[in-house]
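Content type mmCIF, C-alpha atoms, from the file coords_11.cif:
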data_start
loop_
_atom_site.label_atom_id
_atom_site.label_comp_id
_atom_site.auth_asym_id
_atom_site.auth_seq_id
_atom_site.Cartn_x
_atom_site.Cartn_y
_atom_site.Cartn_z
CA MET A 24 -27.87 -70.47 -31.25
CA PHE A 25 -24.13 -70.26 -31.85
CA ASP A 26 -24.70 -70.07 -35.62
CA SER A 27 -26.93 -67.01 -35.22
CA ILE A 28 -24.43 -65.32 -32.89
CA ALA A 29 -21.52 -66.15 -35.19
CA SER A 30 -23.33 -64.53 -38.11
CA LEU A 31 -23.24 -61.24 -36.21
CA PHE A 32 -19.44 -61.30 -36.47
CA SER A 33 -19.29 -62.19 -40.17
CA PHE A 34 -17.42 -58.94 -40.81
CA ILE A 35 -14.35 -60.41 -39.08
CA THR A 36 -14.64 -63.85 -40.67
CA TRP A 37 -12.46 -62.99 -43.65
CA PRO A 38 -9.49 -61.66 -41.59
CA VAL A 39 -9.61 -64.71 -39.31
CA SER A 40 -9.78 -67.15 -42.22
CA TRP A 41 -6.94 -65.29 -43.99
CA VAL A 42 -4.67 -65.59 -40.91
CA ILE A 43 -5.43 -69.32 -40.66
CA VAL A 44 -4.62 -69.80 -44.36
CA GLN A 45 -1.26 -68.03 -43.98
CA PHE A 46 -0.26 -70.18 -41.02
CA HIS A 47 -1.49 -73.29 -42.87
CA SER A 48 0.76 -72.57 -45.80
CA LEU A 49 3.70 -72.37 -43.36
CA TYR A 50 2.94 -75.54 -41.38
CA GLY A 51 1.71 -77.40 -44.48
CA ALA A 52 5.20 -77.21 -45.94
CA VAL A 53 6.51 -79.06 -42.86
CA PHE A 54 3.76 -81.54 -41.89
CA GLY A 55 1.81 -81.79 -45.15
CA PRO A 56 -1.15 -79.63 -46.24
CA ASP A 57 -3.88 -82.17 -45.44
CA THR A 58 -2.69 -83.18 -41.97
CA GLY A 59 -4.34 -82.30 -38.70
CA TRP A 60 -1.02 -80.93 -37.43
CA ALA A 61 -0.95 -78.27 -40.15
CA TRP A 62 -4.53 -77.12 -39.50
CA GLY A 63 -4.37 -77.59 -35.71
CA LEU A 64 -1.16 -75.59 -35.35
CA SER A 65 -2.67 -72.90 -37.58
CA ILE A 66 -5.51 -72.49 -35.05
CA VAL A 67 -3.03 -72.49 -32.14
CA SER A 68 -0.94 -69.81 -33.86
CA LEU A 69 -4.10 -67.75 -34.40
CA VAL A 70 -4.72 -67.87 -30.64
CA VAL A 71 -1.14 -66.86 -29.82
CA LEU A 72 -1.30 -63.94 -32.25
CA ILE A 73 -4.60 -62.71 -30.80
CA ARG A 74 -3.41 -63.02 -27.20
CA ILE A 75 -0.21 -61.11 -27.93
CA CYS A 76 -2.30 -58.28 -29.33
CA LEU A 77 -4.48 -58.40 -26.19
CA ILE A 78 -1.61 -58.04 -23.70
CA PRO A 79 -2.33 -54.30 -23.09
CA LEU A 80 -5.92 -55.21 -22.26
CA PHE A 81 -4.67 -57.93 -19.94
CA VAL A 82 -2.55 -55.36 -18.07
CA LYS A 83 -5.63 -53.16 -17.67
CA GLN A 84 -7.55 -56.17 -16.41
CA ILE A 85 -4.95 -56.80 -13.69
CA LYS A 86 -4.99 -53.16 -12.56
CA SER A 87 -8.77 -53.07 -12.55
CA THR A 88 -9.03 -56.29 -10.56
CA ARG A 89 -6.60 -55.00 -7.92
CA ASN A 90 -8.37 -51.66 -7.70
CA MET A 91 -11.66 -53.46 -7.19
CA GLN A 92 -10.12 -55.49 -4.37
CA VAL A 93 -8.82 -52.32 -2.69
CA LEU A 94 -12.17 -50.56 -3.06
CA GLN A 95 -14.25 -53.40 -1.64
CA PRO A 96 -14.28 -52.05 1.96
CA LYS A 97 -15.35 -48.59 0.75
CA MET A 98 -17.98 -50.07 -1.53
CA LYS A 99 -19.34 -52.13 1.34
CA ALA A 100 -19.51 -49.00 3.53
CA ILE A 101 -21.49 -47.15 0.81
CA GLN A 102 -23.89 -50.05 0.49
CA GLU A 103 -24.49 -50.10 4.24
CA ARG A 104 -24.89 -46.33 4.43
CA TYR A 105 -27.37 -46.01 1.53
CA LYS A 106 -29.00 -49.42 1.68
CA ASN A 107 -32.46 -47.81 1.56
CA ASP A 108 -31.62 -45.42 -1.28
CA LYS A 109 -30.53 -47.34 -4.38
CA GLN A 110 -30.21 -44.25 -6.55
CA ARG A 111 -27.91 -42.49 -4.09
CA GLN A 112 -25.98 -45.73 -3.69
CA SER A 113 -25.37 -45.94 -7.45
CA GLU A 114 -24.32 -42.28 -7.56
CA GLU A 115 -21.80 -42.76 -4.75
CA MET A 116 -20.44 -45.89 -6.44
CA MET A 117 -19.91 -44.07 -9.72
CA LYS A 118 -18.28 -41.20 -7.86
CA LEU A 119 -15.91 -43.63 -6.16
CA TYR A 120 -15.01 -45.26 -9.50
CA LYS A 121 -14.36 -41.85 -11.04
CA GLU A 122 -12.16 -40.63 -8.17
CA THR A 123 -10.01 -43.77 -8.20
CA GLY A 124 -9.97 -44.21 -11.99
CA THR A 125 -11.45 -47.70 -11.78
CA ASN A 126 -13.58 -49.28 -14.49
CA PRO A 127 -15.49 -52.39 -13.31
CA LEU A 128 -15.74 -53.62 -16.91
CA SER A 129 -11.97 -53.62 -17.38
CA SER A 130 -11.71 -57.06 -15.78
CA CYS A 131 -13.83 -58.43 -18.65
CA LEU A 132 -11.97 -56.68 -21.46
CA PRO A 133 -9.86 -59.68 -22.65
CA ILE A 134 -12.92 -61.93 -22.83
CA ILE A 135 -14.98 -59.27 -24.62
CA ALA A 136 -12.16 -58.56 -27.07
CA GLN A 137 -11.72 -62.27 -27.86
CA SER A 138 -15.41 -62.88 -28.50
CA PRO A 139 -15.46 -61.66 -32.13
CA PHE A 140 -12.47 -63.86 -33.06
CA PHE A 141 -13.98 -66.82 -31.24
CA PHE A 142 -17.32 -66.63 -33.05
CA ALA A 143 -15.59 -65.85 -36.38
CA LEU A 144 -13.55 -69.04 -36.02
CA TYR A 145 -16.73 -70.92 -35.12
CA HIS A 146 -18.31 -69.57 -38.32
CA VAL A 147 -15.31 -70.68 -40.41
CA LEU A 148 -15.31 -74.22 -38.96
CA ALA A 149 -19.09 -74.50 -39.38
CA GLY A 150 -18.62 -73.66 -43.08
CA ILE A 151 -15.93 -76.34 -43.36
CA ALA A 152 -18.28 -78.90 -41.77
CA ASN A 153 -21.06 -77.97 -44.19
CA GLY A 154 -18.72 -77.91 -47.19
CA THR A 155 -19.22 -74.17 -47.76
CA LYS A 156 -16.44 -71.87 -48.92
CA ILE A 157 -16.06 -69.00 -46.49
CA GLY A 158 -13.72 -66.03 -46.26
CA ALA A 159 -10.26 -66.71 -47.63
CA ILE A 160 -10.82 -70.49 -47.71
CA ASN A 161 -11.34 -71.61 -51.31
CA GLN A 162 -12.39 -75.04 -52.57
CA PRO A 163 -8.95 -76.75 -52.44
CA LEU A 164 -8.40 -75.47 -48.91
CA LEU A 165 -11.92 -76.54 -47.96
CA ASP A 166 -11.27 -80.10 -49.16
CA SER A 167 -7.94 -80.15 -47.31
CA ALA A 168 -9.53 -78.94 -44.06
CA ARG A 169 -12.28 -81.59 -44.26
CA GLN A 170 -9.64 -84.33 -44.52
CA ALA A 171 -7.62 -83.00 -41.54
CA HIS A 172 -8.03 -85.04 -38.36
CA ILE A 173 -6.66 -84.42 -34.84
CA PHE A 174 -6.07 -87.79 -33.15
CA GLY A 175 -8.73 -89.28 -35.38
CA ALA A 176 -11.34 -86.52 -34.94
CA PRO A 177 -12.15 -84.09 -37.80
CA LEU A 178 -11.77 -80.36 -37.05
CA ALA A 179 -15.39 -79.54 -37.93
CA VAL A 180 -17.20 -82.30 -35.98
CA LYS A 181 -18.90 -81.82 -32.56
CA PHE A 182 -19.29 -84.05 -29.53
CA LEU A 183 -23.08 -84.28 -30.03
CA ASP A 184 -22.97 -84.90 -33.79
CA SER A 185 -24.43 -88.09 -35.17
CA ALA A 186 -22.45 -91.10 -36.33
CA ASP A 187 -23.47 -90.42 -39.95
CA LYS A 188 -21.94 -86.93 -39.88
CA ALA A 189 -18.74 -88.26 -38.34
CA ALA A 190 -18.62 -90.99 -40.99
CA SER A 191 -19.10 -88.42 -43.77
CA LEU A 192 -15.92 -86.72 -42.56
CA GLY A 193 -14.01 -90.00 -42.42
CA ALA A 194 -14.13 -90.70 -38.67
CA SER A 195 -15.96 -92.85 -36.14
CA LEU A 196 -18.27 -91.38 -33.50
CA THR A 197 -16.25 -93.05 -30.71
CA ASP A 198 -13.02 -91.36 -31.78
CA VAL A 199 -14.81 -88.02 -32.02
CA ARG A 200 -16.32 -88.25 -28.54
CA VAL A 201 -13.11 -89.45 -26.91
CA VAL A 202 -11.05 -86.62 -28.41
CA ALA A 203 -13.75 -83.96 -27.90
CA GLY A 204 -14.46 -85.17 -24.35
CA ALA A 205 -10.78 -85.07 -23.39
CA MET A 206 -10.48 -81.51 -24.74
CA ILE A 207 -13.60 -80.40 -22.86
CA ILE A 208 -12.23 -81.81 -19.59
CA LEU A 209 -8.83 -80.19 -20.14
CA MET A 210 -10.49 -76.89 -21.04
CA SER A 211 -12.60 -76.89 -17.85
CA ALA A 212 -9.68 -78.03 -15.66
CA SER A 213 -7.41 -75.27 -16.96
CA GLN A 214 -10.17 -72.72 -16.33
CA PHE A 215 -10.59 -73.98 -12.75
CA TYR A 216 -6.85 -74.00 -12.02
CA THR A 217 -6.41 -70.48 -13.36
CA GLN A 218 -9.18 -69.15 -11.14
CA ARG A 219 -8.02 -71.18 -8.14
CA GLN A 220 -4.43 -69.93 -8.19
CA LEU A 221 -5.80 -66.40 -8.46
CA MET A 222 -7.95 -66.88 -5.36
CA THR A 223 -5.50 -68.82 -3.20
CA LYS A 224 -2.23 -67.04 -4.01
CA ASN A 225 -2.92 -63.58 -5.43
CA VAL A 226 -5.61 -62.18 -3.13
CA ASP A 227 -5.01 -59.89 -0.16
CA VAL A 228 -5.74 -62.19 2.78
CA THR A 229 -6.24 -59.25 5.18
CA VAL A 230 -9.36 -58.06 3.35
CA LYS A 231 -12.51 -60.18 3.62
CA THR A 232 -15.24 -58.89 1.32
CA PRO A 233 -18.27 -60.26 -0.54
CA TYR A 234 -16.27 -59.80 -3.77
CA MET A 235 -13.94 -62.60 -2.69
CA GLN A 236 -16.88 -64.88 -2.01
CA GLN A 237 -18.28 -64.16 -5.48
CA GLN A 238 -14.93 -64.98 -7.08
CA LYS A 239 -14.74 -68.20 -5.10
CA MET A 240 -18.20 -69.19 -6.31
CA LEU A 241 -17.32 -68.38 -9.94
CA MET A 242 -14.24 -70.57 -9.58
CA TYR A 243 -16.58 -73.58 -9.49
CA VAL A 244 -19.34 -72.22 -11.74
CA PHE A 245 -17.27 -71.23 -14.80
CA PRO A 246 -15.77 -74.70 -15.46
CA LEU A 247 -19.26 -76.21 -15.36
CA ILE A 248 -20.51 -73.58 -17.81
CA PHE A 249 -17.67 -74.26 -20.24
CA MET A 250 -18.19 -77.99 -19.90
CA GLY A 251 -21.84 -77.58 -20.89
CA MET A 252 -20.97 -75.30 -23.80
CA GLY A 253 -18.10 -77.47 -25.01
CA VAL A 254 -20.31 -80.29 -26.24
CA ASN A 255 -21.70 -77.86 -28.88
CA PHE A 256 -18.26 -76.71 -30.13
CA PRO A 257 -16.43 -78.24 -33.11
CA VAL A 258 -13.09 -79.87 -32.37
CA GLY A 259 -11.30 -76.94 -34.01
CA VAL A 260 -13.03 -74.48 -31.65
CA LEU A 261 -12.11 -76.71 -28.70
CA VAL A 262 -8.49 -76.48 -29.84
CA TYR A 263 -8.85 -72.69 -29.91
CA TRP A 264 -10.45 -72.49 -26.45
CA LEU A 265 -8.06 -74.97 -24.82
CA THR A 266 -5.10 -73.03 -26.21
CA THR A 267 -6.39 -69.70 -24.95
CA ASN A 268 -7.04 -71.19 -21.49
CA VAL A 269 -3.51 -72.57 -21.30
CA TRP A 270 -2.16 -69.19 -22.39
CA THR A 271 -4.23 -67.45 -19.69
CA MET A 272 -3.00 -69.91 -17.06
CA GLY A 273 0.66 -69.34 -17.97
CA GLN A 274 0.17 -65.58 -18.14
CA GLN A 275 -1.49 -65.61 -14.73
CA MET A 276 1.34 -67.66 -13.22
CA TYR A 277 3.89 -65.16 -14.54
CA VAL A 278 1.98 -62.23 -13.06
CA ILE A 279 1.58 -63.97 -9.69
CA ASN A 280 5.31 -64.77 -9.49
CA GLN A 281 6.62 -61.44 -10.76
CA ASN A 282 4.01 -58.82 -9.84
CA PRO A 283 1.84 -60.20 -7.03
CA THR A 284 -1.02 -58.44 -5.28
CA PRO A 285 0.08 -56.57 -2.11
CA GLY A 286 -0.79 -58.51 1.04
CA SER A 287 -1.16 -61.85 -0.74
CA LYS A 288 0.70 -65.11 -0.21
CA ALA A 289 2.30 -64.62 -3.61
CA GLN A 290 3.77 -61.29 -2.46
CA ASP A 291 5.23 -62.93 0.64
CA ALA A 292 6.91 -65.61 -1.51
CA PHE A 293 8.16 -62.99 -4.00
CA LEU A 294 9.64 -60.75 -1.28
CA GLN A 295 11.34 -63.73 0.35
CA ARG A 296 13.01 -64.57 -2.97
CA LEU A 297 13.96 -60.92 -3.45
CA LEU A 298 15.36 -60.75 0.10
CA LYS A 299 17.52 -63.81 -0.50
CA THR A 300 18.91 -62.32 -3.72
CA ALA A 301 19.45 -58.89 -2.16
CA THR A 302 21.30 -60.23 0.90
CA THR A 303 23.49 -62.46 -1.27
CA HIS A 304 24.57 -59.76 -3.75
CA GLU A 305 23.92 -56.73 -1.47
CA GLN A 306 22.19 -55.02 -4.39
CA VAL A 307 19.21 -55.30 -6.74
CA ARG A 308 20.07 -55.17 -10.43
CA SER A 309 16.57 -55.29 -11.93
CA GLY A 310 15.01 -51.87 -12.52
CA ARG A 311 11.51 -53.31 -12.09
CA LYS A 312 12.38 -54.78 -8.70
CA ARG A 313 14.00 -51.52 -7.60
CA LYS A 314 10.74 -49.76 -8.40
CA MET A 315 8.88 -52.25 -6.24
CA ILE A 316 11.30 -51.65 -3.34
CA ALA A 317 10.91 -47.90 -3.80
CA ALA A 318 7.13 -48.30 -3.61
CA ILE A 319 7.50 -50.26 -0.35
CA VAL A 320 9.79 -47.58 1.12
CA SER A 321 7.38 -44.79 0.17
CA LYS A 322 4.53 -46.48 2.07
CA GLY A 323 6.24 -45.92 5.41
CA PRO A 324 4.02 -47.05 8.31
CA ASP A 325 1.30 -48.15 5.86
CA ARG A 326 3.26 -51.25 4.83
CA ASN A 327 1.57 -54.61 5.15
CA ASP A 328 3.00 -57.54 7.12
CA ASN A 329 4.87 -58.98 4.12
CA GLU A 330 6.56 -55.65 3.38
CA ARG A 331 7.49 -55.03 7.02
CA LYS A 332 9.04 -58.49 7.19
CA PHE A 333 11.04 -57.71 4.05
CA ILE A 334 12.39 -54.42 5.46
CA THR A 335 13.27 -56.15 8.76
CA GLY A 336 15.11 -58.88 6.87
CA LEU A 337 17.19 -56.26 5.06
CA ALA A 338 18.00 -54.57 8.38
CA LYS A 339 19.18 -57.85 9.91
CA ALA A 340 21.53 -58.25 6.95
CA GLY A 341 22.84 -54.71 7.49
CA LEU A 342 21.11 -53.26 4.40
CA VAL A 343 18.94 -50.16 4.15
CA ALA A 344 16.44 -49.65 1.31
CA GLN A 345 16.63 -46.17 -0.21
CA ALA A 346 13.84 -44.07 -1.73
CA ASP A 347 15.03 -44.94 -5.26
CA GLY A 348 14.94 -48.69 -4.53
CA SER A 349 18.69 -49.15 -4.15
CA LEU A 350 20.32 -50.80 -1.12
CA VAL A 351 23.02 -49.32 1.12
CA LYS A 352 25.24 -51.26 3.53
CA SER A 353 24.93 -50.08 7.14
CA ASP A 354 26.49 -51.73 10.21
CA THR A 355 24.48 -49.48 12.52
CA VAL A 356 21.20 -50.95 11.33
CA ALA A 357 22.47 -54.48 11.88
CA ALA A 358 23.57 -53.61 15.43
CA GLU A 359 20.23 -51.97 16.22
CA SER A 360 18.36 -55.01 14.94
CA GLY A 361 20.08 -57.13 17.63
CA VAL A 362 22.00 -59.35 15.23
CA GLY A 363 25.51 -57.93 15.68
CA ALA A 364 28.09 -59.89 17.63
CA GLY A 365 28.44 -57.13 20.22
CA ALA A 366 24.74 -56.87 20.94
CA VAL A 367 24.19 -57.79 24.58
CA ARG A 368 20.75 -58.20 26.01
CA ARG A 369 20.06 -56.84 29.50
CA GLN A 370 19.56 -59.61 31.98
CA GLN A 371 16.36 -59.14 33.95
CA PRO A 372 16.81 -59.76 37.69
CA LYS A 373 14.81 -62.51 39.28
CA ARG A 374 11.91 -61.36 41.37
CA GLN A 375 11.86 -62.47 44.98
CA SER A 376 8.88 -63.35 47.08
CA LYS A 377 8.00 -61.35 50.17
CA ALA A 378 9.26 -64.05 52.53
CA GLN A 379 12.57 -64.26 50.63
CA ARG A 380 13.11 -60.49 50.85
CA GLN A 381 12.30 -60.51 54.58
CA SER A 382 14.58 -63.45 55.35
CA SER A 383 17.45 -61.87 53.37
CA GLY A 384 16.90 -58.63 55.28
CA THR A 385 17.19 -60.49 58.59
CA ALA A 386 20.32 -62.27 57.46
CA THR A 387 22.04 -59.04 56.41
CA ALA A 388 21.10 -57.37 59.68
CA SER A 389 22.99 -60.03 61.62
CA THR A 390 26.14 -59.50 59.51
CA GLY A 391 26.18 -55.71 59.88
CA THR A 392 24.89 -54.84 56.40
CA VAL A 393 22.01 -52.71 55.18
CA GLU A 394 19.73 -53.99 52.42
CA LYS A 395 18.57 -51.51 49.82
CA THR A 396 15.71 -52.62 47.59
CA ASP A 397 14.82 -50.92 44.32
CA GLY A 398 11.45 -50.94 42.62
CA GLU A 399 12.12 -54.16 40.73
CA GLY A 400 13.16 -56.31 43.68
CA VAL A 401 16.92 -55.99 42.99
CA THR A 402 18.85 -55.86 46.28
CA ASP A 403 22.12 -54.06 46.94
CA LEU A 404 24.09 -54.75 50.10
CA GLU A 405 26.24 -52.07 51.67
CA LYS A 406 28.66 -52.76 54.45
CA GLN A 407 28.07 -50.49 57.48
CA PRO A 408 31.05 -48.55 58.82
CA ALA A 409 32.45 -49.89 62.05
CA GLY A 410 31.20 -48.27 65.28
CA LYS A 411 27.99 -46.87 63.74
CA PRO A 412 24.53 -48.15 64.44
CA ALA A 413 22.50 -49.49 61.52
CA GLY A 414 19.88 -46.85 62.11
CA GLY A 415 21.74 -44.07 60.27
CA SER A 416 21.89 -40.59 61.91
CA SER A 417 24.13 -39.98 64.97
CA GLN A 418 23.04 -38.38 68.26
CA GLY A 419 25.15 -35.92 70.29
CA GLY A 420 26.47 -36.01 73.88
CA GLY A 421 25.58 -38.68 76.44
CA ALA A 422 22.49 -39.61 74.48
CA LYS A 423 24.78 -40.95 71.76
CA GLY A 424 26.58 -43.34 74.10
CA GLY A 425 23.35 -44.40 75.72
CA ALA A 426 21.76 -45.06 72.37
CA GLN A 427 24.71 -47.15 71.25
CA LYS A 428 24.61 -49.15 74.46
CA GLN A 429 20.89 -49.62 74.26
CA GLY A 430 21.24 -50.54 70.57
CA GLY A 431 23.80 -53.19 71.47
CA GLN A 432 21.52 -54.68 74.09
CA LYS A 433 18.61 -54.60 71.67
CA SER A 434 20.67 -56.29 68.99
CA GLY A 435 21.71 -58.99 71.44
CA GLN A 436 18.14 -59.61 72.44
CA GLN A 437 17.09 -59.85 68.77
CA GLY A 438 19.86 -62.35 68.11
CA GLN A 439 18.69 -64.54 71.00
CA GLN A 440 15.07 -64.30 69.81
CA SER A 441 16.18 -65.21 66.26
CA ALA A 442 18.00 -68.29 67.52
CA ARG A 443 14.98 -69.38 69.57
CA SER A 444 12.66 -68.78 66.59
CA LYS A 445 14.83 -70.85 64.27
CA ALA A 446 14.78 -73.67 66.75
CA SER A 447 10.98 -73.51 67.00
CA GLY A 448 10.57 -73.39 63.15
CA LYS A 449 8.78 -70.00 62.98
CA PRO A 450 9.19 -67.88 59.81
CA ALA A 451 11.70 -65.07 59.75
CA ALA A 452 9.00 -62.42 59.31
CA ALA A 453 7.30 -63.46 62.54
CA ARG A 454 10.46 -63.82 64.68
CA SER A 455 12.09 -60.57 63.57
CA GLY A 456 8.99 -58.43 63.63
CA GLN A 457 10.25 -56.53 60.55
CA ALA A 458 7.43 -57.42 58.13
CA LYS A 459 5.01 -54.91 59.57
CA SER A 460 3.64 -52.45 57.08
CA GLY A 461 5.39 -49.07 56.98
CA GLN A 462 8.66 -50.22 58.56
CA ARG A 463 12.03 -50.26 56.85
CA LYS A 464 13.77 -53.53 56.18
CA GLY A 465 17.00 -54.36 57.94
CA GLN A 466 18.10 -53.48 61.48
CA GLN A 467 15.97 -50.75 63.14
CA ARG A 468 17.31 -47.76 65.05
CA SER A 469 16.97 -48.14 68.81
CA LYS A 470 14.43 -45.96 70.57
CA HIS A 471 15.42 -43.22 73.02
CA PRO A 472 15.48 -44.46 76.61
CA SER A 473 12.78 -41.99 77.54
CA LYS A 474 10.41 -43.50 74.89
CA LYS A 475 10.78 -47.11 75.97
#

Is it possible to express this structure as structure tokens?
Amino acid sequence: MFDSIASLFSFITWPVSWVIVQFHSLYGAVFGPDTGWAWGLSIVSLVVLIRICLIPLFVKQIKSTRNMQVLQPKMKAIQERYKNDKQRQSEEMMKLYKETGTNPLSSCLPIIAQSPFFFALYHVLAGIANGTKIGAINQPLLDSARQAHIFGAPLAVKFLDSADKAASLGASLTDVRVVAGAMIILMSASQFYTQRQLMTKNVDVTVKTPYMQQQKMLMYVFPLIFMGMGVNFPVGVLVYWLTTNVWTMGQQMYVINQNPTPGSKAQDAFLQRLLKTATTHEQVRSGRKRKMIAAIVSKGPDRNDNERKFITGLAKAGLVAQADGSLVKSDTVAAESGVGAGAVRRQQPKRQSKAQRQSSGTATASTGTVEKTDGEGVTDLEKQPAGKPAGGSSQGGGAKGGAQKQGGQKSGQQGQQSARSKASGKPAAARSGQAKSGQRKGQQRSKHPSKK
């Protein structure tokens, strides 16, 4: 099957073989032309060269993947709205992609672009295994490549090849299967780790969509697929695929650490590192990081939790992020954030129970004070002027003297009742009679003699 597919990319076989020959001439001068190091490093260098050329496509892949993550809620809403009309659903999806400039196939661009080189290399190695000159590889180079072994395994042999074929290339079947098996395991493990760090660190945790579930499923499916395919690849192709997986893993780690997805755990870790640097130097020197700060500032109230925490951390350090991404020192912001030395927190008064307020009112009445109570249960005691009744307003003429006299008698009677009540153990509210609804706390104004 792979031979028939590789033949479709025969037009690129010559350029791939020519690049390998050029690298072989370089490494052959150091390690020897017939060594596995010379041919193996030539394949590794081919991978590096191809991946460098594919960096623009990798950037598009990152942008497309993030756009797809952002659009997942809208896509889900369209699917729910037009679940009975597939044609309208497809039209609305395409309209959404067009409005946001998102291409769903962009996430597959690096893999699609690598496919021709991968199958061309497979075609070249198959020719070496069969002893056929192909592309830029002439007969001397063909003989040299057939003698090259990597840890005892020839470049052109497969895991499932027979012992006779391995012997014809100067190797044992055990060495071939050990080396090929180790490469297949490493290839699958690197694929799994790359996908896992993408799902656990670089995904917006606030958005739960079916897309995330699909990616999680593929995280386990892809390594199994590559493990099944790897037994049909020559050792040289396994070197190619293991190298490209390691490159992808390192590239992904760099992106996660330096340009994480908004709302992800990686963004939180990145902003914490940036906050530490910014508070230490009170400025941000990197132009790329200033652009990221400017993007956070421009979001305003639409910032996620990680970004709000970052802005709050700057404020606590007395720094204000500007629209251009620069930082300005401000003592006012630090004081408002409650971190300044002069920041004093208002002490909340303790709330009193009803019985406590009533008993305190009785106690103040006996000492000639009036208790004022605000809405929060905070009491304020005012000393009454001498010669005035606690009731408040004065009365004219003889009524005034009579009221004062009556008030004195009343107060004396209340004092005697209070003493008797204390001796009998009754609560203050019951003995004073001041806890009735609608009455003011403290000493009451005496009634007019005619109303007794």

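Residues matching the PyMOL selection byres ((chain A and resi 185) around 12) in this structure come to Val180, Lys181, Phe182, Leu183, Asp184, Ala186, Asp187, Lys188, Ala189, Ala190, Ser191, Leu192, Ala194, Ser195, Leu196, Thr197, Val199 and Arg200 of chain A.
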
Selection export as a CSV table (one decimal), in the frame of the given file, atoms kept: C-alpha atoms:
chain,number,residue,atom,x,y,z
A,180,VAL,CA,-17.2,-82.3,-36.0
A,181,LYS,CA,-18.9,-81.8,-32.6
A,182,PHE,CA,-19.3,-84.0,-29.5
A,183,LEU,CA,-23.1,-84.3,-30.0
A,184,ASP,CA,-23.0,-84.9,-33.8
A,186,ALA,CA,-22.4,-91.1,-36.3
A,187,ASP,CA,-23.5,-90.4,-40.0
A,188,LYS,CA,-21.9,-86.9,-39.9
A,189,ALA,CA,-18.7,-88.3,-38.3
A,190,ALA,CA,-18.6,-91.0,-41.0
A,191,SER,CA,-19.1,-88.4,-43.8
A,192,LEU,CA,-15.9,-86.7,-42.6
A,194,ALA,CA,-14.1,-90.7,-38.7
A,195,SER,CA,-16.0,-92.8,-36.1
A,196,LEU,CA,-18.3,-91.4,-33.5
A,197,THR,CA,-16.2,-93.0,-30.7
A,199,VAL,CA,-14.8,-88.0,-32.0
A,200,ARG,CA,-16.3,-88.2,-28.5

Residues matched by the PyMOL selection byres ((chain A and resi 59) around 12), written as a JSON list (two decimals) with C-alpha atoms, keeping the file's coordinate frame:
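This is the output file part.json:
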[["chain", "number", "residue", "atom", "x", "y", "z"],
["A", 47, "HIS", "CA", -1.49, -73.29, -42.87],
["A", 50, "TYR", "CA", 2.94, -75.54, -41.38],
["A", 51, "GLY", "CA", 1.71, -77.40, -44.48],
["A", 54, "PHE", "CA", 3.76, -81.54, -41.89],
["A", 55, "GLY", "CA", 1.81, -81.79, -45.15],
["A", 56, "PRO", "CA", -1.15, -79.63, -46.24],
["A", 57, "ASP", "CA", -3.88, -82.17, -45.44],
["A", 58, "THR", "CA", -2.69, -83.18, -41.97],
["A", 60, "TRP", "CA", -1.02, -80.93, -37.43],
["A", 61, "ALA", "CA", -0.95, -78.27, -40.15],
["A", 62, "TRP", "CA", -4.53, -77.12, -39.50],
["A", 63, "GLY", "CA", -4.37, -77.59, -35.71],
["A", 64, "LEU", "CA", -1.16, -75.59, -35.35],
["A", 65, "SER", "CA", -2.67, -72.90, -37.58],
["A", 66, "ILE", "CA", -5.51, -72.49, -35.05],
["A", 67, "VAL", "CA", -3.03, -72.49, -32.14],
["A", 167, "SER", "CA", -7.94, -80.15, -47.31],
["A", 168, "ALA", "CA", -9.53, -78.94, -44.06],
["A", 169, "ARG", "CA", -12.28, -81.59, -44.26],
["A", 170, "GLN", "CA", -9.64, -84.33, -44.52],
["A", 171, "ALA", "CA", -7.62, -83.00, -41.54],
["A", 172, "HIS", "CA", -8.03, -85.04, -38.36],
["A", 173, "ILE", "CA", -6.66, -84.42, -34.84],
["A", 174, "PHE", "CA", -6.07, -87.79, -33.15],
["A", 175, "GLY", "CA", -8.73, -89.28, -35.38],
["A", 176, "ALA", "CA", -11.34, -86.52, -34.94],
["A", 177, "PRO", "CA", -12.15, -84.09, -37.80],
["A", 178, "LEU", "CA", -11.77, -80.36, -37.05],
["A", 179, "ALA", "CA", -15.39, -79.54, -37.93],
["A", 258, "VAL", "CA", -13.09, -79.87, -32.37],
["A", 259, "GLY", "CA", -11.30, -76.94, -34.01],
["A", 262, "VAL", "CA", -8.49, -76.48, -29.84]]

If you count only C-alpha atoms, which residues fall within 10 Å of Ile78 (chain A), apart from same-chain ones fewer than 5 positions away, as an MDAnalysis selection string? chainID A and resid 73 83:84 133 274

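The shortest atom-to-atom distance to Val320 (chain A), with only C-alpha atoms taken into account, belongs to A:Leu350 out of A:Leu350, A:Tyr263, A:Met222, A:Ile151.
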
With the PyMOL selection byres ((chain A and resi 347) around 8) as the selection, what would be picked from this file? Answer as a PyMOL selection string, please. chain A and resi 313-314+316-317+345-346+348-349

Could you write out that same residue set with C-alpha atoms as an mmCIF file, keeping the file's coordinate frame?
data_model
loop_
_atom_site.group_PDB
_atom_site.id
_atom_site.type_symbol
_atom_site.label_atom_id
_atom_site.label_comp_id
_atom_site.auth_asym_id
_atom_site.auth_seq_id
_atom_site.Cartn_x
_atom_site.Cartn_y
_atom_site.Cartn_z
ATOM 1 C CA ARG A 313 14.000 -51.520 -7.600
ATOM 2 C CA LYS A 314 10.740 -49.760 -8.400
ATOM 3 C CA ILE A 316 11.300 -51.650 -3.340
ATOM 4 C CA ALA A 317 10.910 -47.900 -3.800
ATOM 5 C CA GLN A 345 16.630 -46.170 -0.210
ATOM 6 C CA ALA A 346 13.840 -44.070 -1.730
ATOM 7 C CA GLY A 348 14.940 -48.690 -4.530
ATOM 8 C CA SER A 349 18.690 -49.150 -4.150
#
